[in-house]
file upload-v3.tsv (TSV, C-alpha atoms)
chain	number	residue	atom	x	y	z
A	1	MET	CA	141.33	128.40	106.49
A	2	GLN	CA	141.28	129.49	110.11
A	3	THR	CA	143.98	131.05	112.27
A	4	LEU	CA	144.23	130.41	116.00
A	5	VAL	CA	144.64	133.59	118.07
A	6	LEU	CA	146.57	133.67	121.35
A	7	ASN	CA	146.49	136.54	123.80
A	8	ALA	CA	149.68	138.22	125.01
A	9	THR	CA	150.10	135.53	127.69
A	10	TRP	CA	150.00	132.73	125.08
A	11	GLN	CA	146.49	131.48	125.87
A	12	PRO	CA	144.05	130.65	123.03
A	13	VAL	CA	141.22	133.17	122.77
A	14	ALA	CA	139.68	132.82	119.30
A	15	ARG	CA	139.70	131.36	115.81
A	16	ILE	CA	139.54	133.86	112.98
A	17	PRO	CA	139.74	133.77	109.17
A	18	TRP	CA	143.30	133.98	107.83
A	19	GLN	CA	142.39	137.27	106.08
A	20	ARG	CA	141.66	138.90	109.46
A	21	ALA	CA	144.96	137.54	110.80
A	22	ILE	CA	146.84	139.16	107.89
A	23	THR	CA	145.06	142.47	108.58
A	24	LEU	CA	146.03	142.32	112.27
A	25	LEU	CA	149.61	141.48	111.25
A	26	PHE	CA	149.90	144.50	108.95
A	27	LEU	CA	148.38	146.72	111.65
A	28	GLY	CA	151.20	145.59	113.95
A	29	LYS	CA	148.83	144.10	116.53
A	30	VAL	CA	149.93	140.45	116.28
A	31	GLU	CA	152.99	138.38	115.58
A	32	VAL	CA	153.02	135.11	113.66
A	33	VAL	CA	153.82	132.13	115.90
A	34	GLU	CA	153.12	129.25	113.49
A	35	GLU	CA	152.58	129.08	109.73
A	36	TYR	CA	150.89	126.64	107.39
A	37	GLU	CA	153.76	124.97	105.51
A	38	ASP	CA	151.79	124.31	102.34
A	39	LYS	CA	149.77	127.58	102.12
A	40	THR	CA	151.21	130.78	100.70
A	41	ILE	CA	149.60	134.18	100.20
A	42	ARG	CA	150.86	136.04	97.15
A	43	SER	CA	150.40	139.57	95.90
A	44	VAL	CA	152.08	141.54	93.16
A	45	THR	CA	154.81	142.81	95.51
A	46	PHE	CA	155.25	140.16	98.22
A	47	GLU	CA	154.74	136.57	99.26
A	48	VAL	CA	154.09	135.32	102.79
A	49	LYS	CA	153.17	132.00	104.37
A	50	MET	CA	149.60	131.80	105.67
A	51	PRO	CA	149.55	132.24	109.47
A	52	SER	CA	148.28	129.27	111.44
A	53	VAL	CA	148.75	130.73	114.94
A	54	VAL	CA	149.15	134.42	115.83
A	55	ARG	CA	149.67	136.15	119.19
A	56	PHE	CA	148.54	139.59	120.28
A	57	LEU	CA	151.50	141.77	121.24
A	58	ARG	CA	149.57	143.68	123.92
A	59	MET	CA	147.04	142.62	126.52
A	60	LEU	CA	143.43	143.03	125.45
A	61	LYS	CA	141.12	145.14	127.58
A	62	ARG	CA	138.38	142.96	128.98
A	63	ARG	CA	134.96	144.37	128.30
A	64	LYS	CA	132.27	144.02	130.89
A	65	PRO	CA	130.15	141.12	129.64
A	66	VAL	CA	126.70	142.12	128.45
A	67	ILE	CA	124.00	139.62	129.30
A	68	ARG	CA	121.90	139.28	126.20
A	69	PHE	CA	118.12	139.04	126.61
A	70	SER	CA	117.30	135.61	125.17
A	71	ARG	CA	115.16	132.58	125.95
A	72	GLU	CA	118.27	130.63	126.95
A	73	ASN	CA	119.37	133.33	129.39
A	74	VAL	CA	115.87	133.70	130.90
A	75	PHE	CA	115.88	129.91	131.41
A	76	ALA	CA	119.30	130.14	133.10
A	77	ARG	CA	118.26	133.09	135.28
A	78	ASP	CA	115.18	131.18	136.49
A	79	HIS	CA	117.24	127.99	137.04
A	80	GLY	CA	114.86	126.00	134.83
A	81	GLN	CA	112.02	126.26	137.35
A	82	CYS	CA	108.44	127.38	136.84
A	83	GLN	CA	108.21	130.72	138.60
A	84	TYR	CA	104.63	129.99	139.72
A	85	CYS	CA	104.72	126.44	141.13
A	86	GLY	CA	108.49	125.87	141.42
A	87	LYS	CA	108.46	122.67	139.35
A	88	ALA	CA	111.64	121.89	137.37
A	89	VAL	CA	111.00	122.33	133.66
A	90	THR	CA	113.13	121.04	130.78
A	91	ARG	CA	113.99	123.43	127.94
A	92	PRO	CA	111.63	121.81	125.41
A	93	GLU	CA	108.64	121.98	127.76
A	94	ALA	CA	109.42	125.45	129.15
A	95	THR	CA	107.11	128.30	128.22
A	96	TYR	CA	107.97	131.97	128.52
A	97	ASP	CA	105.26	133.95	130.28
A	98	HIS	CA	104.66	137.69	130.26
A	99	VAL	CA	103.94	138.56	133.91
A	100	LEU	CA	101.93	141.58	132.76
A	101	PRO	CA	100.34	140.26	129.54
A	102	ARG	CA	101.03	142.11	126.31
A	103	SER	CA	97.27	142.57	125.91
A	104	GLN	CA	97.41	144.71	129.08
A	105	GLY	CA	100.46	146.71	128.00
A	106	GLY	CA	103.24	144.42	129.20
A	107	GLY	CA	106.51	144.44	127.30
A	108	THR	CA	109.00	141.75	126.40
A	109	HIS	CA	111.97	142.48	128.68
A	110	TRP	CA	113.86	141.00	131.64
A	111	GLU	CA	111.47	142.39	134.25
A	112	ASN	CA	108.33	140.96	132.60
A	113	ILE	CA	109.30	137.48	131.32
A	114	VAL	CA	109.53	134.32	133.45
A	115	ILE	CA	109.74	130.58	132.87
A	116	ALA	CA	106.45	128.74	133.44
A	117	CYS	CA	105.33	125.16	133.09
A	118	VAL	CA	102.52	124.56	130.59
A	119	PRO	CA	99.78	123.98	133.22
A	120	CYS	CA	100.65	127.20	135.09
A	121	ASN	CA	100.91	129.22	131.88
A	122	GLN	CA	97.51	127.93	130.71
A	123	ARG	CA	95.95	128.56	134.12
A	124	LYS	CA	97.26	132.14	134.17
A	125	GLY	CA	96.19	132.80	130.58
A	126	GLY	CA	96.06	136.46	129.57
A	127	ARG	CA	95.79	137.70	133.15
A	128	THR	CA	98.21	139.13	135.67
A	129	PRO	CA	99.30	136.83	138.52
A	130	ASP	CA	96.99	138.73	140.91
A	131	GLN	CA	94.02	138.39	138.56
A	132	ALA	CA	94.71	134.65	138.22
A	133	ARG	CA	95.30	134.33	142.00
A	134	MET	CA	98.82	133.06	141.42
A	135	LYS	CA	102.01	134.18	143.12
A	136	LEU	CA	105.46	134.54	141.57
A	137	LYS	CA	108.23	132.68	143.42
A	138	VAL	CA	110.73	135.44	142.57
A	139	VAL	CA	110.19	138.88	141.05
A	140	PRO	CA	111.93	138.90	137.65
A	141	VAL	CA	114.91	141.25	137.29
A	142	LYS	CA	117.70	141.79	134.80
A	143	PRO	CA	120.57	139.61	136.04
A	144	THR	CA	124.04	140.99	136.61
A	145	ARG	CA	125.46	137.51	135.96
A	146	LEU	CA	124.13	134.12	135.01
A	147	PRO	CA	124.81	130.74	136.61
A	148	ASP	CA	127.77	128.93	135.07
A	149	THR	CA	125.88	126.42	132.97
A	150	LEU	CA	128.38	125.93	130.18
A	151	ARG	CA	132.02	126.77	129.82
A	152	LEU	CA	133.57	126.70	126.41
A	153	THR	CA	137.19	125.75	126.15
A	154	PHE	CA	139.37	125.38	123.14
A	155	ALA	CA	140.43	121.78	122.75
A	156	PHE	CA	142.44	120.14	120.02
A	157	GLN	CA	140.21	117.90	117.93
A	158	LYS	CA	140.64	115.67	114.93
A	159	GLY	CA	140.76	117.70	111.72
A	160	MET	CA	142.32	120.81	113.24
A	161	PRO	CA	145.67	121.97	111.87
A	162	SER	CA	148.56	120.11	113.48
A	163	THR	CA	150.26	123.44	114.26
A	164	TRP	CA	147.48	124.16	116.79
A	165	ALA	CA	148.21	121.05	118.87
A	166	ASN	CA	150.88	122.79	120.97
A	167	TRP	CA	148.49	125.59	121.92
A	168	LEU	CA	145.24	123.72	122.58
A	169	ARG	CA	144.52	121.23	125.31
A	170	ASP	CA	143.87	117.71	124.15
A	171	MET	CA	140.19	116.80	124.43
A	172	THR	CA	141.04	113.29	125.60
A	173	TYR	CA	142.87	114.73	128.62
A	174	TRP	CA	139.58	116.09	129.99
A	175	HIS	CA	137.07	113.63	128.57
A	176	GLY	CA	139.00	110.37	128.45
A	177	SER	CA	138.68	107.74	131.14
A	178	LEU	CA	141.18	107.67	133.99
A	179	GLU	CA	143.28	104.64	134.72
A	180	GLU	CA	142.57	103.00	138.05
A	181	ASP	CA	145.32	101.72	140.36

call {"tool": "encode", "arguments": {"input": "upload-v3.tsv", "output": "structure tokens"}}
result
Amino acid sequence: MQTLVLNATWQPVARIPWQRAITLLFLGKVEVVEEYEDKTIRSVTFEVKMPSVVRFLRMLKRRKPVIRFSRENVFARDHGQCQYCGKAVTRPEATYDHVLPRSQGGGTHWENIVIACVPCNQRKGGRTPDQARMKLKVVPVKPTRLPDTLRLTFAFQKGMPSTWANWLRDMTYWHGSLEED
């Protein structure tokens, strides 16, 4: 069973296992907002209803987001374009090219990996762009932020506990069709 977590301003921020919710409750970090009516947690000395929704009592410090080095993030940084010819490339046909090939001492890091289309990657081969007489559109760097390609929001969906409905936006509100006048 999962527990919905709200921040101190009553906004949903996570779903956690009920065991973690109980730990946070005993540490005095959260309060129980909603409980599962039919689920009870029992020990030798006490009995408590399983929390369905909990709320942090204090504001959480926001950590500076760390941009993870991954294929998906390299693709986002390069805007899905081959960095040699500028052609738009879909994720399945994108290749990840070492600007300075590993055979010549190049590493796998932000400053040495770019998106390339298959023809450009094959043309470049195991050479540097200069050796292959190719020019990079943009010099690769570690990004400080990525383009907003996907935003995750918590939305109430079929199968979720009914006690969460008050705290999550209804998916049909955002994805349903609008009525025309």

call {"tool": "closest_residue", "arguments": {"input": "upload-v3.tsv", "among": "A:Thr45, A:Ser52, A:Asn166, A:Thr95", "to": "A:Pro17", "atoms": "all atoms listed in the file"}}
result
A:Ser52

call {"tool": "closest_residue", "arguments": {"input": "upload-v3.tsv", "among": "A:Thr9, A:Thr108, A:Gln83, A:Thr23", "to": "A:Leu57", "atoms": "all atoms listed in the file"}}
result
A:Thr9

call {"tool": "residues_near_point", "arguments": {"input": "upload-v3.tsv", "point": "(119.9, 130.7, 129.9)", "cutoff": "12 Å", "atoms": "all atoms listed in the file", "output": "NGL selection string"}}
result
:A and (67-81 or 90-91 or 94 or 114-115 or 143 or 145-150)

call {"tool": "atom_distance", "arguments": {"input": "upload-v3.tsv", "atom1": "atom CA of A:Phe26", "atom2": "atom CA of A:Phe156"}}
result
27.8 Å

call {"tool": "closest_residue", "arguments": {"input": "upload-v3.tsv", "among": "A:Met50, A:Thr144, A:Cys120, A:Gly28", "to": "A:Lys64", "atoms": "only C-alpha atoms"}}
result
A:Thr144

call {"tool": "atom_distance", "arguments": {"input": "upload-v3.tsv", "atom1": "atom CA of A:Thr3", "atom2": "atom CA of A:Arg62"}}
result
21.3 Å

call {"tool": "atom_distance", "arguments": {"input": "upload-v3.tsv", "atom1": "atom CA of A:Tyr36", "atom2": "atom CA of A:Trp18"}}
result
10.6 Å

call {"tool": "residues_near_point", "arguments": {"input": "upload-v3.tsv", "point": "(102.9, 130.1, 138.7)", "cutoff": "8 Å", "atoms": "all atoms listed in the file", "output": "MDAnalysis selection string"}}
result
chainID A and resid 82:86 116:117 120:121 124 129 134:137

call {"tool": "closest_residue", "arguments": {"input": "upload-v3.tsv", "among": "A:Lys158, A:Arg20, A:Lys29, A:Arg63", "to": "A:Pro51", "atoms": "all atoms listed in the file"}}
result
A:Arg20

call {"tool": "closest_residue", "arguments": {"input": "upload-v3.tsv", "among": "A:Val53, A:Val89, A:Thr128, A:Val118", "to": "A:Pro101", "atoms": "all atoms listed in the file"}}
result
A:Thr128

call {"tool": "closest_residue", "arguments": {"input": "upload-v3.tsv", "among": "A:Ile41, A:Ala165, A:Val13, A:Val30", "to": "A:Arg58", "atoms": "all atoms listed in the file"}}
result
A:Val30

call {"tool": "decode", "arguments": {"input": "upload-v3.tsv", "residues": "stretch 75-167 of chain A", "atoms": "C-alpha atoms", "output": "PDB file, in the first residue's frame"}}
result
ATOM      1  CA  PHE A  75      19.344  13.913 -26.518  1.00  0.00           C
ATOM      2  CA  ALA A  76      17.464  16.730 -24.733  1.00  0.00           C
ATOM      3  CA  ARG A  77      20.557  18.944 -24.525  1.00  0.00           C
ATOM      4  CA  ASP A  78      21.152  18.558 -28.283  1.00  0.00           C
ATOM      5  CA  HIS A  79      17.439  19.141 -29.042  1.00  0.00           C
ATOM      6  CA  GLY A  80      17.262  15.861 -30.977  1.00  0.00           C
ATOM      7  CA  GLN A  81      19.466  17.197 -33.778  1.00  0.00           C
ATOM      8  CA  CYS A  82      22.569  15.688 -35.335  1.00  0.00           C
ATOM      9  CA  GLN A  83      25.421  17.895 -34.169  1.00  0.00           C
ATOM     10  CA  TYR A  84      27.227  17.489 -37.503  1.00  0.00           C
ATOM     11  CA  CYS A  85      24.562  18.066 -40.181  1.00  0.00           C
ATOM     12  CA  GLY A  86      21.746  19.564 -38.074  1.00  0.00           C
ATOM     13  CA  LYS A  87      19.151  17.008 -39.206  1.00  0.00           C
ATOM     14  CA  ALA A  88      16.366  16.184 -36.716  1.00  0.00           C
ATOM     15  CA  VAL A  89      16.821  12.661 -35.379  1.00  0.00           C
ATOM     16  CA  THR A  90      14.254  10.532 -33.541  1.00  0.00           C
ATOM     17  CA  ARG A  91      15.317   8.749 -30.352  1.00  0.00           C
ATOM     18  CA  PRO A  92      15.384   5.266 -31.918  1.00  0.00           C
ATOM     19  CA  GLU A  93      17.605   6.369 -34.809  1.00  0.00           C
ATOM     20  CA  ALA A  94      19.877   8.633 -32.730  1.00  0.00           C
ATOM     21  CA  THR A  95      23.461   7.547 -32.190  1.00  0.00           C
ATOM     22  CA  TYR A  96      25.741   8.883 -29.490  1.00  0.00           C
ATOM     23  CA  ASP A  97      29.123   9.920 -30.843  1.00  0.00           C
ATOM     24  CA  HIS A  98      32.373  10.459 -28.964  1.00  0.00           C
ATOM     25  CA  VAL A  99      33.783  13.710 -30.402  1.00  0.00           C
ATOM     26  CA  LEU A 100      37.287  12.565 -29.464  1.00  0.00           C
ATOM     27  CA  PRO A 101      37.044   8.787 -30.044  1.00  0.00           C
ATOM     28  CA  ARG A 102      37.771   6.479 -27.142  1.00  0.00           C
ATOM     29  CA  SER A 103      40.490   4.862 -29.264  1.00  0.00           C
ATOM     30  CA  GLN A 104      42.279   8.239 -29.148  1.00  0.00           C
ATOM     31  CA  GLY A 105      41.787   8.755 -25.414  1.00  0.00           C
ATOM     32  CA  GLY A 106      38.350  10.374 -25.405  1.00  0.00           C
ATOM     33  CA  GLY A 107      36.129   9.815 -22.393  1.00  0.00           C
ATOM     34  CA  THR A 108      32.408   9.335 -21.964  1.00  0.00           C
ATOM     35  CA  HIS A 109      31.252  12.623 -20.418  1.00  0.00           C
ATOM     36  CA  TRP A 110      29.141  15.684 -21.227  1.00  0.00           C
ATOM     37  CA  GLU A 111      31.933  17.502 -23.069  1.00  0.00           C
ATOM     38  CA  ASN A 112      32.717  14.576 -25.412  1.00  0.00           C
ATOM     39  CA  ILE A 113      29.330  13.043 -26.356  1.00  0.00           C
ATOM     40  CA  VAL A 114      26.934  14.409 -28.986  1.00  0.00           C
ATOM     41  CA  ILE A 115      23.887  13.190 -30.892  1.00  0.00           C
ATOM     42  CA  ALA A 116      24.625  12.157 -34.482  1.00  0.00           C
ATOM     43  CA  CYS A 117      22.564  10.697 -37.289  1.00  0.00           C
ATOM     44  CA  VAL A 118      23.712   7.295 -38.554  1.00  0.00           C
ATOM     45  CA  PRO A 119      25.218   8.589 -41.839  1.00  0.00           C
ATOM     46  CA  CYS A 120      27.275  11.270 -40.046  1.00  0.00           C
ATOM     47  CA  ASN A 121      28.403   8.854 -37.338  1.00  0.00           C
ATOM     48  CA  GLN A 122      29.495   6.309 -39.965  1.00  0.00           C
ATOM     49  CA  ARG A 123      31.240   8.990 -42.023  1.00  0.00           C
ATOM     50  CA  LYS A 124      33.144  10.238 -38.973  1.00  0.00           C
ATOM     51  CA  GLY A 125      34.056   6.721 -37.848  1.00  0.00           C
ATOM     52  CA  GLY A 126      36.872   6.503 -35.293  1.00  0.00           C
ATOM     53  CA  ARG A 127      38.270   9.920 -36.170  1.00  0.00           C
ATOM     54  CA  THR A 128      38.008  13.384 -34.672  1.00  0.00           C
ATOM     55  CA  PRO A 129      35.775  15.893 -36.483  1.00  0.00           C
ATOM     56  CA  ASP A 130      38.893  17.639 -37.869  1.00  0.00           C
ATOM     57  CA  GLN A 131      40.343  14.364 -39.151  1.00  0.00           C
ATOM     58  CA  ALA A 132      37.010  13.530 -40.823  1.00  0.00           C
ATOM     59  CA  ARG A 133      36.687  17.113 -42.146  1.00  0.00           C
ATOM     60  CA  MET A 134      33.419  17.586 -40.283  1.00  0.00           C
ATOM     61  CA  LYS A 135      32.372  20.505 -38.120  1.00  0.00           C
ATOM     62  CA  LEU A 136      30.327  20.400 -34.917  1.00  0.00           C
ATOM     63  CA  LYS A 137      27.280  22.694 -34.911  1.00  0.00           C
ATOM     64  CA  VAL A 138      27.723  23.380 -31.179  1.00  0.00           C
ATOM     65  CA  VAL A 139      30.590  22.507 -28.837  1.00  0.00           C
ATOM     66  CA  PRO A 140      29.230  20.037 -26.260  1.00  0.00           C
ATOM     67  CA  VAL A 141      29.098  21.258 -22.649  1.00  0.00           C
ATOM     68  CA  LYS A 142      27.538  20.096 -19.415  1.00  0.00           C
ATOM     69  CA  PRO A 143      24.131  21.803 -19.288  1.00  0.00           C
ATOM     70  CA  THR A 144      23.014  23.856 -16.313  1.00  0.00           C
ATOM     71  CA  ARG A 145      19.395  23.055 -17.201  1.00  0.00           C
ATOM     72  CA  LEU A 146      17.575  21.012 -19.790  1.00  0.00           C
ATOM     73  CA  PRO A 147      14.679  22.016 -22.035  1.00  0.00           C
ATOM     74  CA  ASP A 148      11.282  21.304 -20.495  1.00  0.00           C
ATOM     75  CA  THR A 149      10.402  18.198 -22.463  1.00  0.00           C
ATOM     76  CA  LEU A 150       8.214  16.441 -19.931  1.00  0.00           C
ATOM     77  CA  ARG A 151       6.510  17.589 -16.784  1.00  0.00           C
ATOM     78  CA  LEU A 152       5.203  15.020 -14.393  1.00  0.00           C
ATOM     79  CA  THR A 153       2.139  15.886 -12.402  1.00  0.00           C
ATOM     80  CA  PHE A 154       0.232  13.847  -9.922  1.00  0.00           C
ATOM     81  CA  ALA A 155      -3.232  13.133 -11.229  1.00  0.00           C
ATOM     82  CA  PHE A 156      -5.984  11.027  -9.755  1.00  0.00           C
ATOM     83  CA  GLN A 157      -6.438   7.859 -11.795  1.00  0.00           C
ATOM     84  CA  LYS A 158      -8.653   4.825 -11.647  1.00  0.00           C
ATOM     85  CA  GLY A 159      -7.422   2.362  -9.029  1.00  0.00           C
ATOM     86  CA  MET A 160      -5.915   4.941  -6.686  1.00  0.00           C
ATOM     87  CA  PRO A 161      -7.271   5.124  -3.138  1.00  0.00           C
ATOM     88  CA  SER A 162     -10.419   7.251  -2.951  1.00  0.00           C
ATOM     89  CA  THR A 163      -8.892   9.253  -0.084  1.00  0.00           C
ATOM     90  CA  TRP A 164      -6.370  10.706  -2.562  1.00  0.00           C
ATOM     91  CA  ALA A 165      -9.060  12.227  -4.800  1.00  0.00           C
ATOM     92  CA  ASN A 166      -9.270  15.453  -2.773  1.00  0.00           C
ATOM     93  CA  TRP A 167      -5.522  16.039  -3.084  1.00  0.00           C
TER      94      TRP A 167
END
